[in-house]
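Raw input26.cif, mmCIF, C-alpha atoms:
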```
data_upload
#
loop_
_atom_site.label_atom_id
_atom_site.label_comp_id
_atom_site.auth_asym_id
_atom_site.auth_seq_id
_atom_site.Cartn_x
_atom_site.Cartn_y
_atom_site.Cartn_z
CA MET A 1 0.00 0.00 0.00
CA SER A 2 1.16 3.51 -0.81
CA LYS A 3 2.32 5.63 2.12
CA SER A 4 0.28 8.65 1.02
CA LEU A 5 -2.95 6.65 0.89
CA LEU A 6 -5.74 8.30 2.81
CA GLN A 7 -7.08 6.50 5.82
CA LEU A 8 -10.79 7.15 5.94
CA LYS A 9 -12.44 7.52 9.28
CA ILE A 10 -16.15 6.89 9.25
CA VAL A 11 -18.14 8.76 11.87
CA ASN A 12 -21.82 8.39 12.64
CA ARG A 13 -24.69 10.22 14.31
CA LEU A 14 -26.49 7.08 15.35
CA HIS A 15 -26.68 7.91 19.04
CA VAL A 16 -28.03 11.40 18.20
CA LEU A 17 -30.77 10.02 15.97
CA ARG A 18 -31.59 7.40 18.52
CA ALA A 19 -31.87 9.98 21.28
CA GLU A 20 -34.04 12.23 19.10
CA GLN A 21 -36.46 9.41 18.38
CA ARG A 22 -36.17 7.94 21.89
CA ILE A 23 -35.20 4.50 20.76
CA THR A 24 -33.12 2.18 22.88
CA GLN A 25 -30.09 0.31 21.54
CA GLU A 26 -31.96 -2.94 22.10
CA GLN A 27 -34.95 -1.76 20.05
CA LEU A 28 -32.78 -0.55 17.18
CA ALA A 29 -30.77 -3.77 17.23
CA LYS A 30 -33.94 -5.83 17.01
CA GLU A 31 -35.34 -3.72 14.17
CA VAL A 32 -32.21 -3.93 11.99
CA GLY A 33 -31.45 -7.56 12.86
CA VAL A 34 -28.23 -7.32 14.83
CA THR A 35 -27.19 -7.65 18.46
CA ARG A 36 -27.09 -4.77 20.94
CA ALA A 37 -23.31 -5.24 21.15
CA THR A 38 -23.05 -4.38 17.46
CA ILE A 39 -25.04 -1.17 17.93
CA ILE A 40 -22.77 -0.25 20.86
CA ALA A 41 -19.70 -0.97 18.71
CA ILE A 42 -21.03 1.15 15.82
CA GLU A 43 -21.88 4.08 18.09
CA GLY A 44 -18.49 3.89 19.76
CA GLY A 45 -16.71 3.84 16.40
CA GLY A 46 -15.27 0.40 17.06
CA TYR A 47 -17.06 -1.20 14.14
CA ASN A 48 -17.99 0.04 10.69
CA PRO A 49 -21.20 -1.61 9.51
CA SER A 50 -21.53 -3.25 6.12
CA LEU A 51 -23.31 -1.33 3.36
CA GLU A 52 -26.35 -3.53 3.81
CA LEU A 53 -26.59 -2.80 7.53
CA ALA A 54 -25.92 0.90 6.96
CA PHE A 55 -28.80 1.05 4.47
CA ARG A 56 -31.03 -0.90 6.84
CA ILE A 57 -30.31 1.60 9.64
CA ALA A 58 -30.94 4.52 7.28
CA ARG A 59 -34.21 2.96 6.12
CA TYR A 60 -35.27 2.44 9.73
CA PHE A 61 -34.73 6.14 10.52
CA LYS A 62 -36.37 7.06 7.16
CA THR A 63 -33.39 9.12 6.16
CA ASP A 64 -30.42 9.23 3.83
CA ILE A 65 -27.34 7.16 4.58
CA HIS A 66 -25.21 10.35 4.53
CA THR A 67 -27.29 11.80 7.35
CA ILE A 68 -26.10 9.02 9.62
CA PHE A 69 -22.68 8.13 8.28
CA SER A 70 -20.06 10.55 7.03
CA VAL A 71 -16.36 10.39 6.26
CA GLU A 72 -13.54 12.27 7.93
CA GLU A 73 -10.36 12.11 5.92
CA GLU A 74 -7.19 11.31 7.73
CA VAL A 75 -3.71 10.99 6.29
CA GLN A 76 -1.85 8.01 7.64
CA MET B 77 -29.20 -37.28 6.05
CA LYS B 78 -29.34 -34.38 8.49
CA ARG B 79 -31.98 -36.17 10.56
CA VAL B 80 -30.02 -39.44 10.54
CA ASP B 81 -26.85 -37.60 11.59
CA SER B 82 -28.72 -35.86 14.38
CA ILE B 83 -30.08 -39.19 15.71
CA LEU B 84 -26.66 -40.87 15.44
CA LEU B 85 -25.06 -37.96 17.28
CA LYS B 86 -27.58 -38.31 20.11
CA VAL B 87 -26.93 -42.07 20.27
CA PHE B 88 -23.18 -41.36 20.37
CA LEU B 89 -23.58 -38.84 23.21
CA CYS B 90 -25.89 -41.21 25.16
CA GLY B 91 -23.27 -43.95 24.78
CA ILE B 92 -20.57 -41.89 26.52
CA PRO B 93 -21.81 -42.65 30.11
CA VAL B 94 -21.99 -46.36 29.23
CA ILE B 95 -18.42 -46.25 27.91
CA ALA B 96 -17.33 -44.36 31.03
CA VAL B 97 -18.89 -47.05 33.27
CA LEU B 98 -17.26 -49.75 31.15
CA ALA B 99 -13.86 -48.06 31.40
CA GLY B 100 -14.31 -47.62 35.17
CA LEU B 101 -15.22 -51.29 35.66
CA SER B 102 -12.30 -52.55 33.60
CA TYR B 103 -9.98 -50.22 35.53
CA LEU B 104 -11.28 -51.47 38.90
CA TYR B 105 -11.61 -55.17 38.18
CA GLY B 106 -9.36 -55.74 35.18
CA ALA B 107 -10.41 -56.06 31.55
CA GLY B 108 -11.21 -59.79 31.52
CA ALA B 109 -12.54 -60.16 35.07
CA VAL B 110 -16.24 -60.11 34.21
CA SER B 111 -15.96 -62.37 31.18
CA HIS B 112 -15.07 -65.39 33.40
CA HIS B 113 -18.30 -65.06 35.38
CA ALA B 114 -21.33 -67.03 34.36
CA GLY B 115 -24.93 -65.90 34.04
CA PHE B 116 -25.92 -62.25 34.34
CA GLY B 117 -22.34 -60.94 34.66
CA ARG B 118 -21.31 -62.57 31.44
CA LEU B 119 -24.46 -61.41 29.66
CA MET B 120 -23.80 -57.84 30.79
CA ASN B 121 -20.19 -58.10 29.68
CA ASN B 122 -21.26 -59.26 26.22
CA PHE B 123 -23.86 -56.49 25.98
CA MET B 124 -21.37 -53.83 27.06
CA GLY B 125 -18.88 -55.17 24.51
CA LEU B 126 -21.50 -54.86 21.79
CA VAL B 127 -22.34 -51.30 22.90
CA PHE B 128 -18.65 -50.42 22.87
CA ALA B 129 -18.17 -51.87 19.38
CA LEU B 130 -21.17 -49.94 18.06
CA TRP B 131 -19.98 -46.77 19.77
CA MET B 132 -16.54 -47.14 18.16
CA VAL B 133 -18.06 -47.56 14.69
CA LEU B 134 -20.38 -44.63 15.34
CA SER B 135 -17.53 -42.40 16.49
CA MET B 136 -15.55 -43.18 13.32
CA TYR B 137 -18.60 -42.46 11.14
CA LEU B 138 -19.28 -39.15 12.92
CA CYS B 139 -15.62 -38.09 12.64
CA VAL B 140 -15.72 -38.69 8.87
CA ARG B 141 -19.02 -36.78 8.61
CA LEU B 142 -17.43 -33.87 10.51
CA VAL B 143 -14.66 -33.70 7.92
CA VAL B 144 -16.83 -33.99 4.79
CA SER B 145 -20.14 -32.36 5.73
CA GLY B 146 -20.16 -28.59 6.15
CA PRO B 147 -23.62 -28.20 7.79
CA PHE B 148 -22.93 -31.06 10.23
CA ARG B 149 -19.54 -29.56 11.11
CA ASP B 150 -21.15 -26.16 11.72
CA GLN B 151 -23.80 -27.77 13.90
CA VAL B 152 -21.44 -29.81 16.08
CA ILE B 153 -18.13 -27.93 16.16
CA ALA B 154 -19.90 -24.59 16.66
CA LYS B 155 -21.40 -25.99 19.87
CA ILE B 156 -18.10 -27.45 21.09
CA THR B 157 -16.15 -24.25 20.46
CA PHE B 158 -19.00 -21.91 21.55
CA ILE B 159 -19.06 -20.14 18.17
CA ARG B 160 -21.84 -17.57 17.99
CA GLU B 161 -22.57 -15.78 14.73
CA ARG B 162 -25.68 -13.79 15.46
CA ASP B 163 -24.89 -10.93 13.09
CA GLU B 164 -22.32 -9.63 10.60
CA ARG B 165 -19.98 -8.23 13.27
CA GLU B 166 -19.80 -11.56 15.08
CA ALA B 167 -19.20 -13.31 11.75
CA ILE B 168 -16.19 -11.03 11.15
CA LEU B 169 -14.91 -11.57 14.69
CA THR B 170 -15.34 -15.33 14.28
CA GLY B 171 -13.17 -15.17 11.17
CA LYS B 172 -10.50 -13.17 12.96
CA ALA B 173 -10.52 -15.51 15.98
CA ALA B 174 -10.40 -18.57 13.71
CA LYS B 175 -7.39 -17.06 11.92
CA THR B 176 -5.64 -16.46 15.25
CA ALA B 177 -6.44 -20.00 16.42
CA MET B 178 -5.22 -21.47 13.14
CA LEU B 179 -1.95 -19.51 13.14
CA THR B 180 -1.17 -20.20 16.80
CA SER B 181 -1.94 -23.89 16.24
CA LEU B 182 0.40 -23.91 13.25
CA ALA B 183 3.09 -22.27 15.38
CA LEU B 184 2.51 -24.92 18.07
CA LEU B 185 2.73 -27.67 15.44
CA ILE B 186 6.04 -26.30 14.17
CA LEU B 187 7.32 -26.16 17.78
CA LEU B 188 6.19 -29.75 18.41
CA PHE B 189 7.79 -30.86 15.15
CA CYS B 190 11.09 -29.26 16.18
CA LEU B 191 10.87 -30.77 19.68
CA SER B 192 10.19 -34.20 18.21
CA CYS B 193 13.11 -33.97 15.77
CA PHE B 194 15.85 -32.44 17.90
CA HIS B 195 18.21 -34.71 19.77
CA VAL B 196 20.57 -33.32 22.40
CA SER B 197 22.95 -35.41 24.45
CA ILE B 198 25.54 -34.34 27.01
CA TYR B 199 27.80 -37.14 28.21
CA LYS B 200 31.20 -38.10 29.55
CA VAL B 201 33.44 -40.86 28.24
CA PRO B 202 36.14 -42.80 30.12
CA PRO B 203 39.65 -41.21 30.02
CA GLU B 204 40.91 -43.87 27.56
CA ASN B 205 38.32 -42.69 24.99
CA ALA B 206 39.11 -38.97 25.46
CA VAL B 207 39.45 -36.86 22.30
CA ASN B 208 42.22 -34.23 22.56
CA GLY B 209 42.20 -34.79 26.31
CA LYS B 210 38.53 -33.93 26.57
CA THR B 211 36.08 -36.35 28.12
CA GLY B 212 32.91 -34.23 28.07
CA PHE B 213 30.82 -34.11 24.90
CA ILE B 214 27.71 -32.51 23.55
CA THR B 215 26.08 -34.12 20.57
CA LEU B 216 23.29 -32.53 18.59
CA GLY B 217 21.16 -34.47 16.17
CA LEU B 218 18.10 -34.34 14.00
CA GLY B 219 15.93 -37.43 14.07
CA PHE B 220 13.26 -37.74 11.43
CA ASP B 221 11.54 -41.10 11.37
CA LEU B 222 8.57 -41.61 9.11
CA LEU B 223 7.67 -44.83 10.89
CA LYS B 224 7.28 -45.46 14.61
CA ASN B 225 9.89 -48.25 14.82
CA GLY B 226 12.73 -46.15 13.39
CA GLU B 227 14.34 -46.03 16.84
CA GLN B 228 14.98 -49.81 16.86
CA ASP B 229 17.09 -49.75 13.70
CA ARG B 230 19.81 -47.58 15.21
CA PRO B 231 23.19 -49.32 15.78
CA LYS B 232 24.22 -49.86 19.39
CA GLU B 233 27.00 -47.57 20.62
CA ARG B 234 30.30 -49.28 21.34
CA ILE B 235 31.80 -46.67 23.69
CA GLN B 236 30.78 -46.83 27.34
CA LYS B 237 29.57 -43.34 28.22
CA GLN B 238 28.02 -41.65 31.19
CA ASP B 239 24.95 -39.64 30.21
CA ILE B 240 24.55 -36.30 31.98
CA PHE B 241 21.62 -35.09 29.93
CA SER B 242 19.85 -36.75 27.07
CA TYR B 243 16.91 -35.49 25.01
CA ARG B 244 15.64 -37.64 22.17
CA GLY B 245 12.35 -36.20 21.00
CA LEU B 246 9.07 -35.55 22.80
CA PRO B 247 8.54 -37.77 25.85
CA VAL B 248 4.75 -37.85 25.33
CA SER B 249 2.59 -40.13 23.24
CA GLY B 250 0.97 -39.20 19.93
CA THR B 251 -2.47 -39.35 21.56
CA THR B 252 -1.41 -36.74 24.15
CA VAL B 253 -0.07 -34.45 21.43
CA ILE B 254 -3.34 -34.69 19.48
CA LEU B 255 -5.35 -34.02 22.65
CA VAL B 256 -3.17 -30.98 23.45
CA LEU B 257 -3.74 -29.67 19.92
CA ILE B 258 -7.53 -30.09 20.17
CA VAL B 259 -7.62 -28.27 23.53
CA TRP B 260 -5.24 -25.60 22.20
CA GLN B 261 -7.52 -24.93 19.19
CA ILE B 262 -10.58 -24.48 21.40
CA VAL B 263 -8.79 -22.36 24.02
CA ALA B 264 -7.00 -20.17 21.43
CA TYR B 265 -10.26 -19.57 19.55
CA ASN B 266 -12.24 -18.71 22.68
CA TYR B 267 -9.51 -16.48 24.09
CA SER B 268 -9.13 -14.44 20.90
CA MET B 269 -12.92 -14.26 20.42
CA ARG B 270 -13.39 -12.89 23.95
CA ARG B 271 -10.60 -10.36 23.40
CA LEU B 272 -12.13 -9.19 20.11
CA MET B 273 -15.62 -8.96 21.60
CA ARG B 274 -14.49 -6.43 24.21
#
```
As structure tokens - that is how I would like this structure written.
Amino acid sequence: MSKSLLQLKIVNRLHVLRAEQRITQEQLAKEVGVTRATIIAIEGGGYNPSLELAFRIARYFKTDIHTIFSVEEEVQ
Amino acid sequence: MKRVDSILLKVFLCGIPVIAVLAGLSYLYGAGAVSHHAGFGRLMNNFMGLVFALWMVLSMYLCVRLVVSGPFRDQVIAKITFIRERDEREAILTGKAAKTAMLTSLALLILLFCLSCFHVSIYKVPPENAVNGKTGFITLGLGFDLLKNGEQDRPKERIQKQDIFSYRGLPVSGTTVILVLIVWQIVAYNYSMRRLMR
């Protein structure tokens, strides 16, 4: 891999959206078909969801995927 | 086939207590002790023998099924190793833990291979057999026998020597090594899975 390759950091507003709609992690997990641990990992930035899961979360909140997930560029 | 395998697996698991009792009895009274008795004792001995024979055949069949059948392997080994793949994240973590377990097992296998091949011997010879006035020796060797009885073919040494330290391969049986590897695989997988889940 090239040294100048950008390392992309994906950030999300999942906990904000969840708080706005007063949904628990458990409820969200059940609705999108994952475990609560996965929701915790996504919110904490420890796990980047697959495209399929990202779209499922976006569909659940009836919003665009970019509203929840965005990219912060970082040079490694 | 899945249903048959499931039934056979249950029969195999139910047979384990019977085998344990059989092993306990033969340990306590000796393997042939019951067979000399007449009547009920002998009948029981014959029945237990039949159960043991069937259990052995069943265990071989199930082992082969584990190797060749993917769904059966997933069903059984997943339970033994406590693999949980409830969502995509756990599937990724399972893969990472399996990789760690596989690589550490390979490293252990290489270590065991080296330990089984290396020969080290430290010894002293009588003064009349001294080489350049030296009576202490260290010999290093590499033993690689494809067959078990390779050790017997070695020529007997003519010089009388006093061994101080001698290491000629692993002092444990093949069965122990295999058991260690099975336990290692399960422990390595579970340890790395728990670490990744944090």
Neighbourhood query: residues within 10 Å of (-9.3, -24.8, 20.7), file coordinates, counting all atoms listed in the file; return as a list in words.
Ile156, Thr157, Ala174, Ala177, Met178, Ser181, Val256, Leu257, Ile258, Val259, Trp260, Gln261, Ile262, Val263, Ala264, Tyr265, Asn266 and Tyr267 of chain B
Using all atoms listed in the file, give me every residue within 10 Å of (11.9, -33.2, 20.4) in file coordinates, as a PyMOL selection string.
chain B and resi 187-196+218-219+243-248
Could you make a table, as a tab-separated table, of the residues of chain B that have an atom within 8 Å of an atom of chain A, each with its nearest atom pair and distance in Å to one decimal, counting all atoms listed in the file, in chain and number order?
```
residue	atom	partner	partner_atom	distance
B:Arg162	CA	A:Val34	CA	7.0
B:Asp163	CA	A:Val34	CA	5.2
B:Glu164	CA	A:Val34	CA	7.6
B:Arg165	CA	A:Thr38	CA	6.5
```
CA of Tyr105 (chain B) to CA of Asn122 (chain B), distance in Å rounded to a single decimal:
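Distance between the two atoms: 15.9 Å.
Applied to the file shown here, the PyMOL selection byres ((chain B and resi 200) around 7) selects the residues Tyr199, Val201, Pro202, Thr211, Gly212, Phe213, Lys237, Gln238 and Asp239 of chain B.
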Run through the PyMOL selection byres ((chain A and resi 25) around 12) on the given coordinates and return the selected residues as a ChimeraX atom specification.
/A:14-19,21-24,26-43,57
Pick out the residues sitting within 10 Å of region 128-145 of chain B, and hand them over as a short mmCIF file (atom, residue, chain, number, x, y, z; two decimals) with C-alpha atoms, keeping the file's coordinate frame; count all atoms listed in the file, and ignore anything fewer than 5 positions along from it in its own chain.
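Output saved as around06.cif:
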```
data_model
loop_
_atom_site.label_atom_id
_atom_site.label_comp_id
_atom_site.auth_asym_id
_atom_site.auth_seq_id
_atom_site.Cartn_x
_atom_site.Cartn_y
_atom_site.Cartn_z
CA LYS B 78 -29.34 -34.38 8.49
CA ASP B 81 -26.85 -37.60 11.59
CA LEU B 84 -26.66 -40.87 15.44
CA LEU B 85 -25.06 -37.96 17.28
CA VAL B 87 -26.93 -42.07 20.27
CA PHE B 88 -23.18 -41.36 20.37
CA LEU B 89 -23.58 -38.84 23.21
CA CYS B 90 -25.89 -41.21 25.16
CA GLY B 91 -23.27 -43.95 24.78
CA ILE B 92 -20.57 -41.89 26.52
CA VAL B 94 -21.99 -46.36 29.23
CA ILE B 95 -18.42 -46.25 27.91
CA LEU B 98 -17.26 -49.75 31.15
CA ASN B 122 -21.26 -59.26 26.22
CA PHE B 123 -23.86 -56.49 25.98
CA ASP B 150 -21.15 -26.16 11.72
CA GLN B 151 -23.80 -27.77 13.90
CA VAL B 152 -21.44 -29.81 16.08
CA ILE B 153 -18.13 -27.93 16.16
#
```
Going by the chain IDs and residue numbers used in this file, which residues fall under the PyMOL selection byres ((chain B and resi 169) around 10)? Write them as a PyMOL selection string.
chain B and resi 160-161+164-168+170-175+268-273
Kindly save the residues from that selection, with C-alpha atoms included, as an mmCIF file, in the frame of the given file.
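Resulting contents of part.cif:
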```cif
data_model
loop_
_atom_site.group_PDB
_atom_site.id
_atom_site.type_symbol
_atom_site.label_atom_id
_atom_site.label_comp_id
_atom_site.auth_asym_id
_atom_site.auth_seq_id
_atom_site.Cartn_x
_atom_site.Cartn_y
_atom_site.Cartn_z
ATOM 1 C CA ARG B 160 -21.840 -17.570 17.990
ATOM 2 C CA GLU B 161 -22.570 -15.780 14.730
ATOM 3 C CA GLU B 164 -22.320 -9.630 10.600
ATOM 4 C CA ARG B 165 -19.980 -8.230 13.270
ATOM 5 C CA GLU B 166 -19.800 -11.560 15.080
ATOM 6 C CA ALA B 167 -19.200 -13.310 11.750
ATOM 7 C CA ILE B 168 -16.190 -11.030 11.150
ATOM 8 C CA THR B 170 -15.340 -15.330 14.280
ATOM 9 C CA GLY B 171 -13.170 -15.170 11.170
ATOM 10 C CA LYS B 172 -10.500 -13.170 12.960
ATOM 11 C CA ALA B 173 -10.520 -15.510 15.980
ATOM 12 C CA ALA B 174 -10.400 -18.570 13.710
ATOM 13 C CA LYS B 175 -7.390 -17.060 11.920
ATOM 14 C CA SER B 268 -9.130 -14.440 20.900
ATOM 15 C CA MET B 269 -12.920 -14.260 20.420
ATOM 16 C CA ARG B 270 -13.390 -12.890 23.950
ATOM 17 C CA ARG B 271 -10.600 -10.360 23.400
ATOM 18 C CA LEU B 272 -12.130 -9.190 20.110
ATOM 19 C CA MET B 273 -15.620 -8.960 21.600
#
```
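Of note, CA of Arg118 (chain B) and CA of Ile83 (chain B) are spaced 29.5 Å apart.
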CA of Ser82 (chain B) to CA of Ile159 (chain B): how many Å, to one decimal?
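Calculated distance between CA of Ser82 (chain B) and CA of Ile159 (chain B) is 18.8 Å.
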Using only C-alpha atoms, the best pick from B:Met120, B:Leu185, B:Ala206, B:Leu101 as closest to Gln236 (chain B) would be B:Ala206
